[in-house]
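my_file_0.cif (mmCIF, C-alpha atoms)
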data_final
#
loop_
_atom_site.label_atom_id
_atom_site.label_comp_id
_atom_site.auth_asym_id
_atom_site.auth_seq_id
_atom_site.Cartn_x
_atom_site.Cartn_y
_atom_site.Cartn_z
CA MET A 1 124.32 -131.77 -187.64
CA ALA A 2 123.76 -128.05 -187.30
CA ARG A 3 125.15 -127.44 -190.76
CA ARG A 4 122.86 -130.00 -192.23
CA TYR A 5 119.82 -128.26 -190.73
CA LEU A 6 121.05 -124.93 -191.96
CA GLY A 7 121.39 -126.32 -195.46
CA LEU A 8 117.95 -127.80 -195.27
CA ALA A 9 116.49 -124.51 -194.05
CA ALA A 10 118.11 -122.67 -196.93
CA VAL A 11 116.61 -125.10 -199.43
CA ILE A 12 113.17 -124.74 -197.89
CA ALA A 13 113.45 -120.95 -197.86
CA ALA A 14 114.55 -120.90 -201.49
CA ALA A 15 111.73 -123.22 -202.51
CA ALA A 16 109.19 -121.18 -200.56
CA SER A 17 110.20 -117.88 -202.11
CA ALA A 18 110.22 -119.40 -205.58
CA ALA A 19 106.73 -120.72 -204.95
CA THR A 20 105.56 -117.34 -203.70
CA LEU A 21 106.99 -115.59 -206.72
CA ALA A 22 105.38 -118.06 -209.07
CA VAL A 23 102.01 -117.54 -207.43
CA ALA A 24 102.41 -113.78 -207.32
CA ASP A 25 103.27 -113.68 -211.03
CA GLU A 26 100.41 -115.86 -211.98
CA VAL A 27 97.67 -113.84 -210.35
CA GLU A 28 96.33 -110.66 -211.70
CA ARG A 29 93.65 -109.46 -209.36
CA LYS A 30 90.70 -107.94 -211.05
CA GLY A 31 88.69 -105.36 -209.19
CA ILE A 32 86.27 -102.55 -209.77
CA ALA A 33 87.10 -98.87 -209.94
CA ALA A 34 86.42 -97.14 -206.65
CA PRO A 35 84.19 -94.05 -206.48
CA PRO A 36 85.92 -90.69 -205.95
CA GLY A 37 87.03 -90.09 -202.36
CA HIS A 38 87.43 -93.80 -201.64
CA VAL A 39 90.44 -95.26 -199.81
CA PHE A 40 91.29 -97.71 -202.59
CA LYS A 41 91.84 -97.04 -206.27
CA THR A 42 90.61 -100.49 -207.12
CA ILE A 43 88.25 -102.41 -204.89
CA ILE A 44 89.09 -106.11 -204.99
CA SER A 45 87.01 -108.94 -203.62
CA GLY A 46 88.60 -111.51 -201.33
CA TYR A 47 87.80 -114.02 -204.08
CA GLU A 48 90.71 -112.71 -206.14
CA PHE A 49 93.17 -113.45 -203.35
CA ARG A 50 92.26 -117.12 -203.08
CA SER A 51 93.75 -120.07 -204.92
CA LYS A 52 92.17 -121.24 -208.11
CA GLU A 53 90.95 -124.43 -206.40
CA THR A 54 89.12 -122.42 -203.74
CA ARG A 55 87.66 -120.16 -206.40
CA ALA A 56 86.48 -123.16 -208.40
CA LEU A 57 84.77 -124.52 -205.30
CA GLN A 58 82.89 -121.26 -204.82
CA ASP A 59 81.90 -120.99 -208.47
CA ASP A 60 80.33 -124.42 -208.74
CA ASP A 61 76.81 -124.24 -207.34
CA LEU A 62 76.85 -127.92 -206.52
CA GLU A 63 80.28 -128.26 -204.98
CA ASN A 64 80.05 -125.05 -202.97
CA PRO A 65 79.19 -126.32 -199.48
CA GLY A 66 77.61 -122.96 -198.63
CA PHE A 67 74.61 -123.97 -200.68
CA LEU A 68 73.74 -126.64 -198.14
CA ALA A 69 72.88 -123.74 -195.84
CA VAL A 70 70.93 -121.94 -198.55
CA GLU A 71 68.82 -125.08 -199.07
CA ARG A 72 68.31 -125.62 -195.36
CA ALA A 73 67.16 -122.04 -194.88
CA ALA A 74 64.88 -122.22 -197.92
CA ASP A 75 62.95 -124.86 -195.95
CA ALA A 76 63.15 -122.85 -192.71
CA TRP A 77 61.73 -119.86 -194.63
CA LYS A 78 58.44 -121.75 -195.01
CA LYS A 79 58.37 -123.17 -191.52
CA VAL A 80 55.77 -121.75 -189.15
CA GLU A 81 57.18 -120.89 -185.74
CA GLY A 82 56.09 -118.85 -182.74
CA SER A 83 52.72 -118.01 -181.21
CA GLU A 84 51.54 -115.89 -184.15
CA GLY A 85 51.50 -118.97 -186.38
CA LYS A 86 53.61 -117.31 -189.02
CA SER A 87 56.60 -118.24 -191.10
CA CYS A 88 58.90 -115.84 -192.91
CA MET A 89 56.87 -116.61 -196.00
CA SER A 90 53.54 -115.52 -194.43
CA CYS A 91 54.62 -111.89 -194.65
CA HIS A 92 57.39 -111.85 -197.22
CA GLY A 93 56.16 -114.36 -199.78
CA ASP A 94 58.82 -115.70 -202.09
CA ALA A 95 62.27 -114.81 -200.90
CA GLU A 96 63.53 -114.80 -204.49
CA THR A 97 61.56 -111.61 -205.15
CA SER A 98 60.94 -110.03 -201.75
CA MET A 99 64.50 -110.38 -200.47
CA LYS A 100 66.23 -109.34 -203.67
CA GLY A 101 68.75 -106.63 -202.88
CA VAL A 102 67.96 -106.61 -199.16
CA GLY A 103 71.22 -108.21 -198.08
CA ALA A 104 73.30 -105.95 -200.31
CA ALA A 105 72.09 -102.84 -198.47
CA MET A 106 72.72 -104.03 -194.91
CA PRO A 107 73.36 -102.67 -192.29
CA LYS A 108 70.44 -100.30 -192.72
CA TRP A 109 68.92 -97.55 -190.59
CA ASP A 110 65.91 -98.58 -188.53
CA GLU A 111 63.54 -95.65 -187.97
CA LYS A 112 61.84 -97.28 -184.99
CA LEU A 113 64.96 -98.28 -183.10
CA LYS A 114 66.86 -95.14 -184.15
CA ARG A 115 69.92 -97.21 -184.98
CA PRO A 116 71.31 -99.27 -187.82
CA VAL A 117 70.58 -103.00 -187.83
CA ASN A 118 72.31 -105.73 -189.76
CA LEU A 119 70.82 -108.80 -191.36
CA GLU A 120 71.15 -111.07 -188.33
CA GLN A 121 69.46 -108.48 -186.11
CA ARG A 122 66.75 -107.83 -188.68
CA ILE A 123 65.93 -111.54 -188.88
CA ASN A 124 65.72 -111.79 -185.10
CA ILE A 125 63.59 -108.64 -184.83
CA CYS A 126 61.19 -110.26 -187.26
CA ARG A 127 61.20 -113.46 -185.24
CA SER A 128 60.53 -111.84 -181.89
CA GLU A 129 58.12 -109.11 -183.02
CA GLN A 130 56.21 -110.53 -185.98
CA MET A 131 56.37 -114.26 -185.37
CA LYS A 132 56.58 -114.07 -181.56
CA ALA A 133 59.18 -116.79 -181.76
CA GLU A 134 62.41 -117.23 -179.86
CA PRO A 135 65.18 -115.22 -181.54
CA TRP A 136 68.06 -117.34 -182.80
CA LYS A 137 71.40 -117.14 -181.05
CA PHE A 138 74.29 -115.56 -182.87
CA LYS A 139 76.56 -118.25 -184.40
CA SER A 140 73.67 -120.74 -184.29
CA ARG A 141 73.36 -122.71 -187.46
CA GLU A 142 69.78 -121.50 -187.94
CA LEU A 143 70.65 -117.81 -187.84
CA THR A 144 73.71 -118.15 -190.05
CA ASP A 145 71.76 -120.29 -192.54
CA MET A 146 68.96 -117.74 -192.76
CA THR A 147 71.39 -114.84 -193.07
CA THR A 148 73.15 -116.67 -195.88
CA PHE A 149 69.87 -117.46 -197.60
CA VAL A 150 68.58 -113.89 -197.47
CA ARG A 151 71.91 -112.49 -198.57
CA TYR A 152 72.12 -115.03 -201.39
CA GLN A 153 69.01 -113.42 -202.90
CA SER A 154 71.26 -110.43 -203.65
CA HIS A 155 73.90 -112.64 -205.29
CA GLY A 156 75.75 -110.65 -207.93
CA MET A 157 74.15 -107.34 -206.96
CA PRO A 158 76.48 -104.53 -205.91
CA VAL A 159 77.02 -103.78 -202.23
CA ALA A 160 75.04 -100.57 -201.67
CA VAL A 161 75.07 -99.38 -198.09
CA LYS A 162 73.88 -95.88 -197.20
CA THR A 163 76.32 -94.01 -195.00
CA ASP A 164 74.83 -90.51 -194.92
CA GLY A 165 72.19 -88.87 -192.74
CA PRO A 166 71.65 -90.60 -189.40
CA MET A 167 74.15 -93.27 -190.38
CA SER A 168 77.08 -90.87 -190.52
CA PRO A 169 78.01 -90.97 -186.80
CA TRP A 170 78.03 -94.79 -187.04
CA PHE A 171 80.14 -94.60 -190.16
CA GLU A 172 82.63 -92.31 -188.40
CA ARG A 173 82.73 -94.62 -185.38
CA GLY A 174 83.42 -97.57 -187.67
CA LYS A 175 86.17 -95.69 -189.41
CA GLN A 176 87.72 -94.82 -186.08
CA ILE A 177 87.72 -98.49 -185.03
CA TYR A 178 89.20 -99.49 -188.39
CA TYR A 179 92.18 -97.22 -187.91
CA THR A 180 92.70 -97.87 -184.18
CA ARG A 181 95.48 -100.25 -183.19
CA TYR A 182 94.31 -103.02 -180.87
CA GLY A 183 95.84 -105.82 -178.87
CA GLN A 184 99.29 -106.90 -177.85
CA LEU A 185 100.39 -107.00 -181.48
CA ASP A 186 99.26 -103.39 -181.76
CA LEU A 187 97.64 -103.72 -185.16
CA ALA A 188 94.70 -101.92 -186.72
CA CYS A 189 92.51 -103.39 -189.48
CA GLU A 190 94.28 -100.88 -191.68
CA SER A 191 97.74 -102.31 -190.91
CA CYS A 192 97.00 -105.50 -192.83
CA HIS A 193 94.03 -104.90 -195.08
CA GLU A 194 94.81 -101.41 -196.34
CA ARG A 195 98.56 -101.00 -196.18
CA ASN A 196 99.65 -104.56 -196.85
CA ASN A 197 96.92 -106.25 -198.83
CA GLY A 198 98.18 -108.51 -201.59
CA LYS A 199 101.28 -109.44 -199.62
CA PHE A 200 102.05 -112.95 -198.52
CA MET A 201 101.71 -113.50 -194.78
CA ARG A 202 101.27 -116.59 -192.64
CA ALA A 203 101.19 -118.80 -195.74
CA ASP A 204 98.35 -116.78 -197.19
CA PHE A 205 97.63 -113.60 -199.10
CA LEU A 206 96.28 -110.65 -197.19
CA SER A 207 93.07 -109.47 -198.78
CA GLN A 208 91.46 -106.07 -198.65
CA GLY A 209 89.21 -107.42 -195.93
CA GLN A 210 86.04 -107.04 -197.94
CA THR A 211 82.71 -108.28 -196.62
CA ASN A 212 80.85 -108.99 -199.87
CA GLY A 213 81.09 -112.77 -199.44
CA PHE A 214 79.77 -113.09 -195.89
CA PRO A 215 78.55 -115.32 -194.34
CA THR A 216 81.39 -117.25 -195.91
CA TYR A 217 82.16 -120.96 -195.91
CA ARG A 218 85.58 -121.17 -194.32
CA LEU A 219 87.51 -124.30 -195.18
CA ARG A 220 89.33 -123.94 -191.88
CA ASP A 221 86.10 -124.13 -189.87
CA GLN A 222 84.23 -126.36 -192.33
CA ARG A 223 81.13 -124.27 -191.87
CA LEU A 224 79.66 -120.90 -192.66
CA VAL A 225 81.11 -118.09 -190.62
CA PRO A 226 79.14 -114.86 -190.05
CA LEU A 227 80.92 -111.53 -190.35
CA HIS A 228 81.03 -110.63 -186.68
CA GLU A 229 82.64 -113.96 -185.87
CA ARG A 230 85.33 -113.13 -188.42
CA PHE A 231 85.82 -109.72 -186.80
CA GLU A 232 86.21 -111.48 -183.46
CA GLY A 233 88.75 -113.85 -185.02
CA CYS A 234 90.81 -110.98 -186.41
CA MET A 235 90.85 -109.24 -183.04
CA PHE A 236 91.76 -112.48 -181.30
CA ASP A 237 94.64 -112.95 -183.75
CA VAL A 238 96.14 -109.58 -182.85
CA ARG A 239 95.74 -110.63 -179.21
CA ALA A 240 93.12 -108.06 -178.40
CA GLU A 241 89.96 -108.51 -176.40
CA PRO A 242 87.32 -108.73 -179.12
CA PHE A 243 84.13 -106.70 -179.03
CA LYS A 244 80.98 -108.76 -178.68
CA PRO A 245 79.19 -109.97 -181.81
CA LEU A 246 76.27 -107.67 -182.70
CA SER A 247 77.70 -104.98 -180.42
CA ASP A 248 77.51 -101.32 -181.47
CA GLU A 249 81.25 -101.39 -182.19
CA PHE A 250 81.06 -104.30 -184.61
CA LEU A 251 77.93 -102.87 -186.20
CA ALA A 252 79.69 -99.58 -186.85
CA LEU A 253 82.65 -101.50 -188.23
CA GLU A 254 80.39 -103.63 -190.41
CA LEU A 255 78.89 -100.48 -191.90
CA TYR A 256 82.26 -98.89 -192.51
CA VAL A 257 83.83 -102.00 -194.01
CA ALA A 258 80.79 -102.53 -196.25
CA TRP A 259 81.40 -99.02 -197.59
CA ARG A 260 85.02 -99.94 -198.28
CA GLY A 261 83.67 -102.60 -200.61
CA ILE A 262 80.94 -100.50 -202.15
CA GLY A 263 79.94 -101.70 -205.60
CA LEU A 264 81.46 -105.17 -205.23
CA PRO A 265 79.08 -107.95 -206.21
CA VAL A 266 77.61 -109.91 -203.30
CA GLU A 267 79.18 -113.37 -203.39
CA THR A 268 77.35 -115.04 -200.51
CA PRO A 269 77.87 -117.95 -199.96
CA SER A 270 81.53 -117.50 -200.77
CA VAL A 271 84.31 -119.96 -199.99
CA ARG A 272 87.44 -118.79 -198.22
CA ASN A 273 90.39 -120.38 -196.46
CA MET B 274 70.24 -135.00 -190.45
CA ALA B 275 67.23 -134.16 -192.43
CA ASP B 276 69.12 -132.25 -195.08
CA LYS B 277 68.73 -133.37 -198.63
CA PRO B 278 71.98 -134.46 -200.26
CA ARG B 279 72.94 -132.49 -203.35
CA ILE B 280 73.34 -134.64 -206.46
CA LYS B 281 74.11 -133.63 -210.01
CA LEU B 282 73.91 -135.90 -213.02
CA PRO B 283 72.43 -135.48 -216.50
CA LYS B 284 68.69 -136.08 -216.97
CA GLU B 285 69.38 -138.31 -219.95
CA ALA B 286 72.32 -140.00 -221.61
CA ALA B 287 73.05 -141.92 -224.82
CA LYS B 288 73.35 -145.70 -224.50
CA GLY B 289 76.88 -146.57 -223.38
CA GLU B 290 77.74 -142.98 -222.51
CA VAL B 291 79.99 -142.31 -219.55
CA ILE B 292 78.45 -139.67 -217.30
CA GLN B 293 79.82 -137.75 -214.38
CA ILE B 294 78.01 -137.87 -211.04
CA LYS B 295 78.64 -135.31 -208.33
CA THR B 296 77.33 -135.65 -204.78
CA LEU B 297 77.55 -133.49 -201.70
CA VAL B 298 76.06 -134.39 -198.36
CA SER B 299 75.74 -132.28 -195.23
CA HIS B 300 77.52 -133.93 -192.33
CA VAL B 301 79.76 -132.78 -189.46
CA MET B 302 82.37 -135.57 -189.96
CA GLU B 303 83.50 -135.30 -186.36
CA SER B 304 86.87 -137.07 -186.32
CA GLY B 305 86.90 -138.28 -182.73
CA GLN B 306 90.29 -136.65 -182.22
CA ARG B 307 89.02 -133.31 -180.95
CA LYS B 308 88.27 -132.26 -177.41
CA ASP B 309 85.54 -129.98 -176.16
CA ALA B 310 85.96 -126.98 -173.86
CA GLN B 311 85.98 -129.28 -170.80
CA GLY B 312 88.77 -131.38 -172.26
CA LYS B 313 86.53 -134.38 -172.92
CA ALA B 314 86.98 -136.15 -176.23
CA ILE B 315 84.18 -135.47 -178.70
CA PRO B 316 83.02 -138.90 -179.89
CA ARG B 317 83.65 -139.82 -183.49
CA LYS B 318 80.70 -139.35 -185.81
CA ILE B 319 81.43 -139.65 -189.49
CA ILE B 320 79.92 -141.04 -192.65
CA ASN B 321 81.94 -144.23 -192.96
CA LYS B 322 80.55 -145.57 -196.21
CA PHE B 323 79.19 -144.16 -199.41
CA ALA B 324 77.58 -146.37 -202.01
CA CYS B 325 75.80 -145.93 -205.31
CA GLU B 326 73.69 -148.51 -207.12
CA PHE B 327 72.07 -148.42 -210.52
CA ASN B 328 68.97 -150.58 -210.97
CA GLY B 329 70.11 -152.70 -208.02
CA LYS B 330 73.64 -153.24 -209.31
CA PRO B 331 76.55 -151.66 -207.47
CA VAL B 332 78.23 -148.83 -209.39
CA PHE B 333 80.58 -147.27 -206.91
CA SER B 334 81.29 -147.44 -203.22
CA CYS B 335 83.97 -146.20 -200.91
CA ALA B 336 84.92 -146.13 -197.27
CA LEU B 337 85.32 -142.69 -195.73
CA GLU B 338 87.88 -142.04 -193.03
CA PRO B 339 88.01 -139.59 -190.12
CA ALA B 340 90.41 -137.22 -191.89
CA ILE B 341 87.79 -136.30 -194.46
CA SER B 342 86.38 -132.84 -193.90
CA ALA B 343 82.79 -131.91 -193.15
CA ASN B 344 80.18 -132.09 -195.90
CA PRO B 345 81.95 -134.78 -197.95
CA TYR B 346 81.90 -134.33 -201.69
CA VAL B 347 82.21 -137.43 -203.89
CA GLN B 348 82.49 -137.37 -207.65
CA PHE B 349 82.71 -140.41 -209.94
CA ASP B 350 81.90 -141.60 -213.45
CA ALA B 351 79.48 -144.29 -214.53
CA ARG B 352 78.53 -145.83 -217.86
CA VAL B 353 74.84 -145.86 -218.62
CA ASP B 354 73.55 -148.76 -220.74
CA GLU B 355 69.88 -148.52 -219.85
CA ALA B 356 67.36 -146.12 -218.35
CA GLY B 357 66.91 -146.45 -214.63
CA THR B 358 67.47 -145.12 -211.15
CA PHE B 359 70.64 -144.32 -209.28
CA LYS B 360 70.34 -144.96 -205.56
CA PHE B 361 72.80 -143.28 -203.24
CA SER B 362 73.43 -144.06 -199.61
CA TRP B 363 75.60 -142.53 -196.95
CA THR B 364 76.08 -144.64 -193.81
CA ASP B 365 76.69 -142.86 -190.53
CA ASP B 366 78.68 -144.29 -187.62
CA ASP B 367 75.48 -144.45 -185.58
CA GLY B 368 73.88 -146.67 -188.20
CA THR B 369 71.56 -144.14 -189.78
CA VAL B 370 71.60 -144.07 -193.54
CA ILE B 371 70.96 -141.02 -195.66
CA THR B 372 69.52 -142.03 -198.99
CA ALA B 373 68.67 -140.36 -202.26
CA GLU B 374 67.55 -141.34 -205.74
CA GLU B 375 67.98 -139.86 -209.18
CA LYS B 376 66.42 -141.09 -212.41
CA ILE B 377 68.11 -141.08 -215.77
CA ALA B 378 66.56 -141.67 -219.18
CA LEU B 379 68.11 -142.88 -222.43
CA LYS B 380 68.38 -140.39 -225.26
CA ALA B 381 65.98 -141.28 -228.02
#
Spell out the structure here as structure tokens.
Amino acid sequence: MARRYLGLAAVIAAAASAATLAVADEVERKGIAAPPGHVFKTIISGYEFRSKETRALQDDDLENPGFLAVERAADAWKKVEGSEGKSCMSCHGDAETSMKGVGAAMPKWDEKLKRPVNLEQRINICRSEQMKAEPWKFKSRELTDMTTFVRYQSHGMPVAVKTDGPMSPWFERGKQIYYTRYGQLDLACESCHERNNGKFMRADFLSQGQTNGFPTYRLRDQRLVPLHERFEGCMFDVRAEPFKPLSDEFLALELYVAWRGIGLPVETPSVRN
Amino acid sequence: MADKPRIKLPKEAAKGEVIQIKTLVSHVMESGQRKDAQGKAIPRKIINKFACEFNGKPVFSCALEPAISANPYVQFDARVDEAGTFKFSWTDDDGTVITAEEKIALKA
């Protein structure tokens, strides 16, 4: 009995490694040349690490389920809410023009708050200050839809975050978090996404951990997942206590990781495993 | 759900041409197998039937099962012999029906 299992295991292992090799041979991951002083030589989007079926799903504007959110938020954009009687459109007009490039440059320094804010925070600041409406909860469908919609207006534009001036302490903090080992598994972001990207792990390819496709439609969750939720998931996976979404830590990390993907085209809404 | 289904088919077709129709509808497709944080079963809520008619005649229909993921995507082919309207319907477990229509013309 035991021998039979052993034999079976050997067959499975042989088949699995053959499959891995075949996949690894087949893919040539295209990226963009990194600017001088960058950690990578070539910056590669998570798109390149996915199977061709997943990529096809992202590329087709009709099949890509992320576009359901874009359409929902396009309606929400025009919807008047709050005591000021305003919608997003009242101030910003057509999102297609006014929001072009906005998502690609987030997180961005806010002069009034003296801190960087990301897209989710910016949307909620607008809601509570301009519209006098209830801010949306993080992970709520409304907030993720709107984030996706605004970011989609930068589709194809290069990620262009500013990391100098007042942003530099945040950038350094983010970098520190990126290289710090967390959790019982004692892993840093760097352990997987810098040192081992491209390798096959847990039935999947490790990517460079780029953020250009967020919020991303995850097939596993069957919905759009915002970046900070993904950060939480990664920290949970290494058995650490995750930081809170929209916390200073995650914001610093968001800024730093965005810089690691500088110049990559925004793919929102992307499709990932 | 108030969301509009996404449908793609050509605006016009030659008589007798076989066209491809793609549809995507927003739905949670809750399988009924999952439990919430309190350990209570989340009741099943899925689209259990999809149907398409052309000028009142059935073209395609299928039953959907709980294992189908959220936002079901259905693609099928149809032959167009006359100009007219495709009517699509998605039937929810709770009896609500999401409907949509698309017109198609014959190529001159």
Check your understanding: Which residues of chain A are close to chain B, meaning at most 10 Å apart when you count all atoms listed in the file, and how do they look as a list in words?
Key -> Asp61, Leu62, Glu63, Asn64, Pro65, Gly66, Phe67, Leu68, Ala69, Glu71, Arg72, Asp75, Leu219, Arg220, Asp221, Gln222 and Arg223 of chain A
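Counting only C-alpha atoms, stretch 303-320 of chain B has the following residues at most 6 Å away, ignoring those fewer than 3 positions along the same chain: B:Pro339, B:Thr364, B:Asp365, B:Asp366.
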Output C-alpha atoms for every residue in that selection, as a CSV table (one decimal), in the coordinates of the input.
chain,number,residue,atom,x,y,z
B,339,PRO,CA,88.0,-139.6,-190.1
B,364,THR,CA,76.1,-144.6,-193.8
B,365,ASP,CA,76.7,-142.9,-190.5
B,366,ASP,CA,78.7,-144.3,-187.6
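When the PyMOL selection byres ((chain A and resi 54) around 10) is evaluated on the file shown here, the picked residues come out as Tyr47, Phe49, Arg50, Ser51, Lys52, Glu53, Arg55, Ala56, Leu57, Gln58, Asp59, Asn64, Leu219, Ser270, Val271, Arg272 and Asn273 of chain A.
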I need the residue set behind the PyMOL selection byres ((chain B and resi 289-291) around 9) for this file; please write it as a PyMOL selection string.
chain B and resi 286-288+292-293+350-355
Listed atoms of stretch 138-153 of chain A boxed axis-aligned with 6 Å per side, centre + edges as JSON:
{"center_x": 72.6, "center_y": -117.6, "center_z": -192.9, "size_x": 20.0, "size_y": 22.2, "size_z": 32.0}
- When the PyMOL selection byres ((chain A and resi 159-163) around 8) is applied to the file above, which residues end up in the set, as a PyMOL selection string? chain A and resi 104-108+157-158+164-165+167-168+171+212+255+258-259+261-266
Checklist entry - Which protein, DNA or RNA residues are at most 10 Å from (67.6, -141.3, -199.7) in the file's coordinates when you count all atoms listed in the file, listed as a PyMOL selection string? => result chain B and resi 277-278+360-363+370-375
Written selection (C-alpha atoms) as an mmCIF file, in the frame of the given file:
data_model
loop_
_atom_site.group_PDB
_atom_site.id
_atom_site.type_symbol
_atom_site.label_atom_id
_atom_site.label_comp_id
_atom_site.auth_asym_id
_atom_site.auth_seq_id
_atom_site.Cartn_x
_atom_site.Cartn_y
_atom_site.Cartn_z
ATOM 1 C CA LYS B 277 68.730 -133.370 -198.630
ATOM 2 C CA PRO B 278 71.980 -134.460 -200.260
ATOM 3 C CA LYS B 360 70.340 -144.960 -205.560
ATOM 4 C CA PHE B 361 72.800 -143.280 -203.240
ATOM 5 C CA SER B 362 73.430 -144.060 -199.610
ATOM 6 C CA TRP B 363 75.600 -142.530 -196.950
ATOM 7 C CA VAL B 370 71.600 -144.070 -193.540
ATOM 8 C CA ILE B 371 70.960 -141.020 -195.660
ATOM 9 C CA THR B 372 69.520 -142.030 -198.990
ATOM 10 C CA ALA B 373 68.670 -140.360 -202.260
ATOM 11 C CA GLU B 374 67.550 -141.340 -205.740
ATOM 12 C CA GLU B 375 67.980 -139.860 -209.180
#
Here atom CA of A:Ser128 and atom CA of A:Cys91 stand apart by 14.1 Å
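Between atom CA of A:Ile177 and atom CA of A:Leu253 lies a distance of 6.7 Å.
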